[in-house]
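Worksheet: one structure, shown below.
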There are 2 protein chains.
Amino acid sequence: MLKIFLLTLLMISYTTIADEGMWEPYQMEGLKKELRATGYKKNISNLSDLFKHPMNAIVSLGGCSAAFVSDQGLIATNYHCIERSYLQFNSDAKNNLFETGFVARSKEEEKKSAPGARVYVTLESNEITKQVLMGVKDETADIERAKIIEENIKQIINNCETTDEIECRVRSFYSGETYKLEKVLKIKDVRLVYAPPAYIGEYGGEIDNWMYPRHTGDFALLRAYVSKDGSSKEFNKDNVPYASNSFLKISSRGVDDGDFVMVVGYPGRTNRLLTFNEIKYDLEVQFHEVVKFLKRGIDLINEHSTDEDGSKLKYRGLKSGYENYYKKISGQINGAKNFKLLESEKENWNNFLRFIDKEASSEDKQYLEELLELVGEEQLESRARSYYGNSTLIATVKRIYRNAIEAEKVDSERKPGYQERDQENLVNRIKSLNYSFDARVDKEIFLDRLKNYANIDNSYRRPVYSELLGLDGDFVETKNIVEGIYSSKFNNSKTFLQLMELSIEELQKSEDPLVVFANKTYQESLDYEKKYEARSARRQLLKSKFIGILKKYYEASNKQLYSDANGTLRVTYGNVAGVSLKDGVIYEPFTRLEGIPQKHTGKKPFNASKELLELIENKDYGNYLYGPINSVPVNFLSTLDITNGNSGSATINSDFELVGLAFDGMIETIIADYKYIPQARTISVDSRYLLWTLEKLEKAENILEELVITK
Amino acid sequence: MLKIFLLTLLMISYTTIADEGMWEPYQMEGLKKELRATGYKKNISNLSDLFKHPMNAIVSLGGCSAAFVSDQGLIATNYHCIERSYLQFNSDAKNNLFETGFVARSKEEEKKSAPGARVYVTLESNEITKQVLMGVKDETADIERAKIIEENIKQIINNCETTDEIECRVRSFYSGETYKLEKVLKIKDVRLVYAPPAYIGEYGGEIDNWMYPRHTGDFALLRAYVSKDGSSKEFNKDNVPYASNSFLKISSRGVDDGDFVMVVGYPGRTNRLLTFNEIKYDLEVQFHEVVKFLKRGIDLINEHSTDEDGSKLKYRGLKSGYENYYKKISGQINGAKNFKLLESEKENWNNFLRFIDKEASSEDKQYLEELLELVGEEQLESRARSYYGNSTLIATVKRIYRNAIEAEKVDSERKPGYQERDQENLVNRIKSLNYSFDARVDKEIFLDRLKNYANIDNSYRRPVYSELLGLDGDFVETKNIVEGIYSSKFNNSKTFLQLMELSIEELQKSEDPLVVFANKTYQESLDYEKKYEARSARRQLLKSKFIGILKKYYEASNKQLYSDANGTLRVTYGNVAGVSLKDGVIYEPFTRLEGIPQKHTGKKPFNASKELLELIENKDYGNYLYGPINSVPVNFLSTLDITNGNSGSATINSDFELVGLAFDGMIETIIADYKYIPQARTISVDSRYLLWTLEKLEKAENILEELVITK
């Protein structure tokens with residue numbers, strides 16, 4: 001009995017071997033030793049090539065990751081990644097897919113997606129730093145620098161986007177120290193194949209969100225379609241399944257404790273390469289501000305949205321986003337405290353400063369000083385910036401107004417975001433308001449945010465905007481003004497689309513109070529945009545210099561630096577492992593089916609169905625019994641280093657088989673976005689639970705036959 | 001890495017071998033097989049003899065258990081067992097022993113205890129069922145039965161108590177199916193030797209109460225003194241340390257995971273032999289009533305006690321008792337639900353009924369039916385009974401009044417509780433009010449309880465009492481009446497003692513409103529007392545019949561029955577073992593020193609001192625490092641079966657060395673009082689933490705030298 005401790009200790013110390021990092025594939029060759037230490041025995045070259053198996057089976061849904069799992073365009077991702085564009089879009093009061101779940105028993109039964117739902121397949125990725133910065137020097141004035149970079153990027157994208165099925169993105173790495181061009185195929189016809197009922201897909205809901213032990217069946221299946229000629233087209237019944245270059249087999253054997261695993265996906269954002277001043281501000285001020293902002297947002301939605309007018313359903317997505325982020329930031333506040341982040345980062349920063357003192361040029365020192373000044377300036381303005389705006393109604397009409405102005409120019413001279421290539425996206429955004437916007441609720445949220453904005457010192461507020469809304473007077477008057485603006489006849493998706501048909505001349509003539517407001521604030525918005533662009537260009541220069549020294553600092557101690565997450569494809573590798581975060585408590589690496597009835601209360605979010613409970617009661621494990629836990633594993637932990645955006649990423653074993661889908665982190669270590677923590681864990685839903693559900697609960701034989709299941 | 005699961009499973013299934021049971025020592029011989037299975041290898045005869053080592057080292061503090069740990073009367077028990085009579089009694093605003101802790105560096109420095117604080121050493125224990133029931137038959141009328149039993153018991157005690165240092169108690173086992181006479185030595189001079197500061201002794205306070213992982217140093221040391229001639233006397237500086245017949249050595253090696261351990265102590269009360277009707281009522285009604293009652297009590301104390309007048313300190317004990325019980329019952333409510341207690345007990349009961357149907361006589365069946373009727377009757381009255389009274393002021397004066405009446409009779413005819421032998425206790429109870437009673441706070445609590453009482457249907461209320469307090473009229477009037485009663489000049493310890501000097505004639509002449517109230521309610525109280533006594537005698541008969549059948553039922557499946565806990569010495573044996581109560585979470589058997597800084601916030605109850613934190617930070621483990629956890633163990637779990645009253649019990653290894661002090665159970669399984677649950681665990685403070693604290697933090701060399709420490 002003694003041995004459990006020795007093993008526990010082994011496990012805990014073992015995990016500190018696992019390397020942090022959201023690596024770019026090209027960096028994998030340099031990590032040979034570390035990869036071998038985690039137990040990876042295969043060829044490493046596959047892992048460093050974006051266009052070889054398994055990398056080329058990995059796709060993005062925009063905000064989520066996913067993977068092809070058949071030769072007929074079938075895609076596996078998280079349930080929570082398809083809620084808005086697939087479940088909410090296809091649900092109404094009568095037919096609520098959240099409650100019933102959905103299984104297409106044939107391709108004909110598959111459901112189409114909301115406008116703008118896409119699958120993005122990476123086709124090319126190239127470094128283009130020189131092209132982006134062509135014509136700028138360190139001494140170029142900020143406004144000029146911003147303009148040149150914008151023009152260069154526009155040019156690069158223009159040259160790259162040869163057809164409308166291609167999207168090209170210039171991505172900044174290391175805060176603009178490096179740029180890369182990502183060329184992706186936009187698959188426009190994506191259909192819902194399978195989603196479990198919410199009592200599986202989001203079992204535990206907000207309560208279990210970011211928590212472990214977890215019992216969430218956070219999986220779903222989509223299918224990508226293209227036209228018969230292979231080009232990407234919008235939904236059409238003649239479209240055919242997309243045949244990807246490769247796809248992942250699904251393992252029914254799954255993983256063991258300690259096994260090598262990796263995740264390839266599209267993490268959205270981390271903040272691991274900040275200056276100490278930025279970390280300190282985020283931890284001490286910004287986190288608390290954001291938490292307040294989000295909490296208030298949740299309360300406002302609860303207060304003002306109703307079942308009767310359908311607004312509750314419309315704001316379901318925003319609310320759950322707020323809640324998710326609220327819990328995350330709250331966890332980061334606690335994590336920062338528990339792991340003494342500020343203290344350790346202060347020490348790291350001081351070491352870095354000592355290095356600079358010795359090794360950096362006086363010019364670089366000057367740049368760093370200036371960077372810290374700029375950071376300080378932005379921090380002073382940050383509160384005003386978060387409470388400015390917050391009206392979807394006004395923002396939408398301002399965007400339509402701006403679009404009309406840009407439409408007067410030739411395409412190449414238009415502002416990015418308003419070019420020909422952006423029109424489809426603009427229309428889709430407006431269409432999506434149909435099921436995510438209600439003018440009444442929007443007004444209430446706006447008014448509340450505006451009150452906070454009004455209370456900010458007016459030197460930080462936009463003067464024209466403040467004047468028009470009467471922010472220096474009695475707020476009762478402001479309310480009347482806002483009522484006036486919201487009395488506009490343009491107040492929903494349909495009328496916004498009508499408005500989009502108007503020319504700038506027609507808009508400028510309009511007496512509609514909302515359009516008038518957009519018109520009157522146009523010049524100020526433009527001025528602020530320029531100001532921020534100039535500053536952003538300056539930041540790009542200063543951060544590049546900072547990263548330059550940081551790279552030298554890392555090299556000096558023989559370490560590879562990796563760029564903060566930026567929505568591009570990254571690889572993280574590690575091992576299946578439990579964890580102890582509190583003395584005396586061990587989280588096991590796997591949870592069991594039996595944990596579901598343990599949590600079941602009959603009420604959402606713990607409302608398992610009778611059918612599911614019976615299958616578990618009867619120990620009807622089928623082929624998915626995992627001996628060591630004497631049950632079917634539901635979720636498992638691993639040492640992988642992921643963040644938001646990685647949701648839906650395939651967790652794969654060393655044979656490149658899908659053994660799970662990553663879907664969450666743990667609240668206790670979520671501060672890892674700021675600093676990697678060895679105790680941080682990724683929660684994946686186990687492939688055995690996915691297969692068990694499809695077989696036992698859903699009896700989805702057509703899907704099981706299509707998947708390539710390994711034993 | 002796989003093996004951790006196998007071990008975990010082993011561990012969990014292993015614990016189901018460990019036998020439930022709070023056994024009487026004589027039953028140990030019948031448990032040879034089970035004892036061997038848990039790893040006990042020594043002679044079993046020692047465990048079955050109350051008067052051999054180690055049993056004769058075990059003592060009671062009344063409500064808590066304890067053990068001799070030196071040949072000079074040194075006693076180890078829990079910190080929470082000495083708070084009232086030793087710490088609160090010796091503390092005031094200037095000198096707060098809760099904050100400083102206390103170490104007597106020599107015998108001269110030891111602190112005396114509050115009046116009435118005792119150590120009880122068991123001298124004899126004999127079955128006396130026949131003597132108690134002599135002269136009663138099944139058909140004896142209830143009132144007569146009650147009277148005979150009372151007289152028999154009085155006689156037995158009278159014959160037994162030959163000197164005033166001896167106390168004799170007739171204890172009912174199996175609800176009166178069996179009676180035993182316990183003869184104990186009352187040691188009256190007990191002194192405080194050592195108590196850690198509260199940040200160790202109750203680290204985690206109410207928050208961690210009933211919880212694991214735990215980091216509480218719940219230990220303290222007392223010393224028993226007797227006069228030079230060996231007789232027990234009140235505090236006197238000429239008294240000498242009591243030399244017990246045996247004492248426990250203290251192990252510095254401690255226990256390993258899986259080791260055999262046992263606890264010998266005085267568990268207070270369990271309810272494992274109830275009828276289903278009683279369990280159902282407790283679970284569905286009574287638990288919720290009690291929780292409400294306690295919660296309100298806590299609120300009332302918070303609302304009405306203040307630091308300024310010292311009432312907050314006075315009600316500290318009552319409040320913490322309420323809180324403790326509140327948390328316990330709340331845990332029992334949840335535990336009953338989680339372990340589906342009602343469902344399983346229903347099934348057990350049905351099996352029992354089937355057995356009765358076949359095996360019991362029609363007479364016994366009739367008795368059982370009657371028992372269930374009686375139980376139902378009592379349940380109807382239970383609410384009124386809990387809200388009746390609740391005034392310490394009135395109860396105390398009524399007791400004094402009754403005492404004066406009984407004083408008129410010859411001693412042998414007085415009511416038990418008012419005899420010569422009880423006078424000391426009556427006086428001590430009044431003296432203790434000095435530091436645990438405040439008339440103002442008492443009045444507020446009484447008024448609130450009275451309001452609830454007034455709202456109960458008057459057929460359940462006492463008519464004279466209700467009439468006198470105007471409970472059927474406006475409660476404002478009741479308030480005035482209560483104010484009148486509380487305006488009495490008898491309102492504290494000192495004046496109560498003066499009142500006790502008066503004869504019944506003097507009392508009856510008194511015009512003091514409180515004494516008048518006691519006088520006017522006297523007859524009614526007596527009537528109710530008789531009614532309850534008659535019913536209790538009936539219950540004793542009916543329960544004896546019930547237990548008779550139950551014993552047959554157990555015998556039929558070859559099982560030994562053990563009596564519910566009743567404050568007599570019991571043995572429980574088992575193993576050191578962690579536990580998993582929720583899928584995916586394992587509680588390790590040991591907690592570590594490092595858990596203390598993890599929980600430290602600087603605020604009570606997590607306010608470890610700088611000194612303690614530094615010792616831990618420096619890993620200054622001394623000789624107490626336990627390799628498998630790489631630290632000094634603070635608390636540990638075992639499968640022992642204990643309940644309230646076991647607090648302070650020595651946890652001993654198979655060499656009869658003290659390896660810990662049992663102090664708590666786990667909230668999740670505390671429903672075990674109603675039904676043994678294999679996952680139930682006892683939390684002990686580890687002997688290594690006690691020794692480490694004495695050596696490293698307290699530098700209490702005098703104490704360490706006195707203890708016999710084994711390696």
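Chain labels run A, B, ... following the order of the structure tokens; each chain numbers its residues from 1, and ligands are numbered from 1 in the order shown.
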
Could you give me, as a tab-separated table, a per-residue list for chain A showing, wherever an atom lies at most 6 Å from an atom of chain B, the closest pair of atoms and their distance in Å to one decimal, using only C-alpha atoms and sorting by chain then residue number from low to high?
residue	atom	partner	partner_atom	distance
A:Met1	CA	B:Gly258	CA	5.6
A:Leu2	CA	B:Asp257	CA	5.5
A:Phe5	CA	B:Pro628	CA	5.7
A:Pro213	CA	B:Gly584	CA	5.4
A:Asp257	CA	B:Leu2	CA	5.4
A:Gly258	CA	B:Met1	CA	5.6
A:Asp583	CA	B:Gly595	CA	5.1
A:Gly584	CA	B:Glu588	CA	4.9
A:Val585	CA	B:Tyr587	CA	4.8
A:Ile586	CA	B:Ile586	CA	5.0
A:Tyr587	CA	B:Val585	CA	4.8
A:Glu588	CA	B:Gly584	CA	4.9
A:Thr591	CA	B:Gly584	CA	5.1
A:Gly595	CA	B:Asp583	CA	5.1
A:Pro628	CA	B:Phe5	CA	5.7

Keeping only N, CA and C atoms, take the residues you just selected and write them out as a PDB file, in the first residue's frame.
ATOM      1  N   MET A   1       0.825  -1.204   0.000  1.00  0.00           N
ATOM      2  CA  MET A   1       0.000   0.000   0.000  1.00  0.00           C
ATOM      3  C   MET A   1       0.858   1.252   0.000  1.00  0.00           C
ATOM      4  N   LEU A   2       2.061   1.055   0.391  1.00  0.00           N
ATOM      5  CA  LEU A   2       2.983   2.175   0.430  1.00  0.00           C
ATOM      6  C   LEU A   2       3.211   2.759  -0.949  1.00  0.00           C
ATOM      7  N   PHE A   5       2.167   6.196  -2.946  1.00  0.00           N
ATOM      8  CA  PHE A   5       2.850   7.475  -2.772  1.00  0.00           C
ATOM      9  C   PHE A   5       4.031   7.622  -3.693  1.00  0.00           C
ATOM     10  N   PRO A 213     -12.868  16.942 -11.499  1.00  0.00           N
ATOM     11  CA  PRO A 213     -13.210  15.899 -12.476  1.00  0.00           C
ATOM     12  C   PRO A 213     -14.409  16.291 -13.347  1.00  0.00           C
ATOM     13  N   ASP A 257      -2.596   5.775 -18.893  1.00  0.00           N
ATOM     14  CA  ASP A 257      -1.916   6.764 -18.052  1.00  0.00           C
ATOM     15  C   ASP A 257      -0.437   6.802 -18.443  1.00  0.00           C
ATOM     16  N   GLY A 258       0.099   7.978 -18.639  1.00  0.00           N
ATOM     17  CA  GLY A 258       1.511   8.141 -18.970  1.00  0.00           C
ATOM     18  C   GLY A 258       1.816   8.155 -20.453  1.00  0.00           C
ATOM     19  N   ASP A 583      -2.542  19.792  -1.336  1.00  0.00           N
ATOM     20  CA  ASP A 583      -2.006  18.722  -0.505  1.00  0.00           C
ATOM     21  C   ASP A 583      -3.123  17.755  -0.104  1.00  0.00           C
ATOM     22  N   GLY A 584      -2.888  16.472  -0.335  1.00  0.00           N
ATOM     23  CA  GLY A 584      -3.834  15.452   0.108  1.00  0.00           C
ATOM     24  C   GLY A 584      -4.879  15.058  -0.921  1.00  0.00           C
ATOM     25  N   VAL A 585      -4.932  15.769  -2.055  1.00  0.00           N
ATOM     26  CA  VAL A 585      -5.941  15.471  -3.074  1.00  0.00           C
ATOM     27  C   VAL A 585      -5.264  15.165  -4.408  1.00  0.00           C
ATOM     28  N   ILE A 586      -5.601  14.032  -4.979  1.00  0.00           N
ATOM     29  CA  ILE A 586      -5.073  13.679  -6.295  1.00  0.00           C
ATOM     30  C   ILE A 586      -6.223  13.618  -7.289  1.00  0.00           C
ATOM     31  N   TYR A 587      -6.069  14.311  -8.408  1.00  0.00           N
ATOM     32  CA  TYR A 587      -7.020  14.139  -9.503  1.00  0.00           C
ATOM     33  C   TYR A 587      -6.526  13.000 -10.366  1.00  0.00           C
ATOM     34  N   GLU A 588      -7.351  11.980 -10.532  1.00  0.00           N
ATOM     35  CA  GLU A 588      -6.983  10.857 -11.378  1.00  0.00           C
ATOM     36  C   GLU A 588      -6.990  11.299 -12.835  1.00  0.00           C
ATOM     37  N   THR A 591     -11.744  10.056 -15.866  1.00  0.00           N
ATOM     38  CA  THR A 591     -13.031   9.931 -15.174  1.00  0.00           C
ATOM     39  C   THR A 591     -13.813   8.787 -15.815  1.00  0.00           C
ATOM     40  N   GLY A 595     -19.222   8.390 -12.951  1.00  0.00           N
ATOM     41  CA  GLY A 595     -19.252   9.755 -12.431  1.00  0.00           C
ATOM     42  C   GLY A 595     -20.482  10.526 -12.899  1.00  0.00           C
ATOM     43  N   PRO A 628      -8.039  -0.759 -16.333  1.00  0.00           N
ATOM     44  CA  PRO A 628      -7.498  -0.134 -15.119  1.00  0.00           C
ATOM     45  C   PRO A 628      -8.496   0.725 -14.349  1.00  0.00           C
TER      46      PRO A 628
END

Quick one: residues within 8 Å of Leu273 in chain A, only C-alpha atoms counted, chain neighbours fewer than 6 positions away excluded, as a list of chain:residue names?
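Answer for this query is A:Tyr174, A:Ser563, A:Asp564.
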
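Neighbouring residues of range 274-283 of chain A at 7 Å or closer, counting only C-alpha atoms and skipping chain neighbours under 5 positions away, are Ile333, Leu342, Glu345, Lys346, Trp349, Leu372 and Val375 of chain A.
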
List as a PyMOL selection string the protein and nucleic acid residues near range 397-408 of chain B, meaning an atom at most 8 Å away when only C-alpha atoms are counted, but skip any in the same chain fewer than 4 places from it.
chain B and resi 393+414-415+418-419+496+499-500+502-504+507+514-515+518-519+522

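By only C-alpha atoms, and with residues fewer than 2 positions from Val255 in chain B along its chain excluded, the set lying at most 10 Å from it is Ser251, Ser252, Arg253, Asp257, Gly258, Asp259, Phe260, Val261, Asn575, Val576, Phe590, Tyr626, Pro633, Phe636, Ile652, Asn653, Leu658, Val659, Gly660, Asp686, Ser687 and Arg688 of chain B.
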
Neighbours of Leu640 in chain A within 9 Å (only C-alpha atoms; same-chain residues fewer than 5 positions away dropped), as a list in words?
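Final neighbour list, sorted by chain and number: Ala18, Asp19, Glu20, Gly21, Met22, Val261, Met262, Val263, Thr572, Tyr573, Gly574, Asn575, Val576, Ala680, Arg681, Thr682 and Ile683 of chain A.
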
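Put simply, CA of Lys183 in chain A is 14.0 Å away from CA of Gly62 in chain A.
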
Quick one: everything within 8 Å of Asn209 in chain A, counting only C-alpha atoms, minus sequence neighbours fewer than 4 positions away in the same chain. Send it as a list in words.
Gly204, Gly205, Asn324 and Asp664 of chain A

Once DSSP has gone over the backbone, tell me which residues of range 416-567 of chain A are in helix (DSSP H, G or I), as a PyMOL selection string.
chain A and resi 420-435+439-454+458-460+463-468+475-486+493-500+504-509+513-556

Tell me, which residues of range 252-480 of chain B carry DSSP strand (DSSP E), written as a list in words?
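The residues of range 252-480 of chain B classed as strand (DSSP E) are Phe260, Val261, Met262, Val263, Val264 and Gly265 of chain B.
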
Could you check how far CA of Thr178 in chain A sits from CA of Tyr554 in chain A, in Å to one decimal?
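According to the coordinates, CA of Thr178 in chain A and CA of Tyr554 in chain A are separated by 16.9 Å.
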
Between CA of Asn126 in chain B and CA of Tyr40 in chain B, distance in Å (one decimal)
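Distance reported for this atom pair: 27.5 Å.
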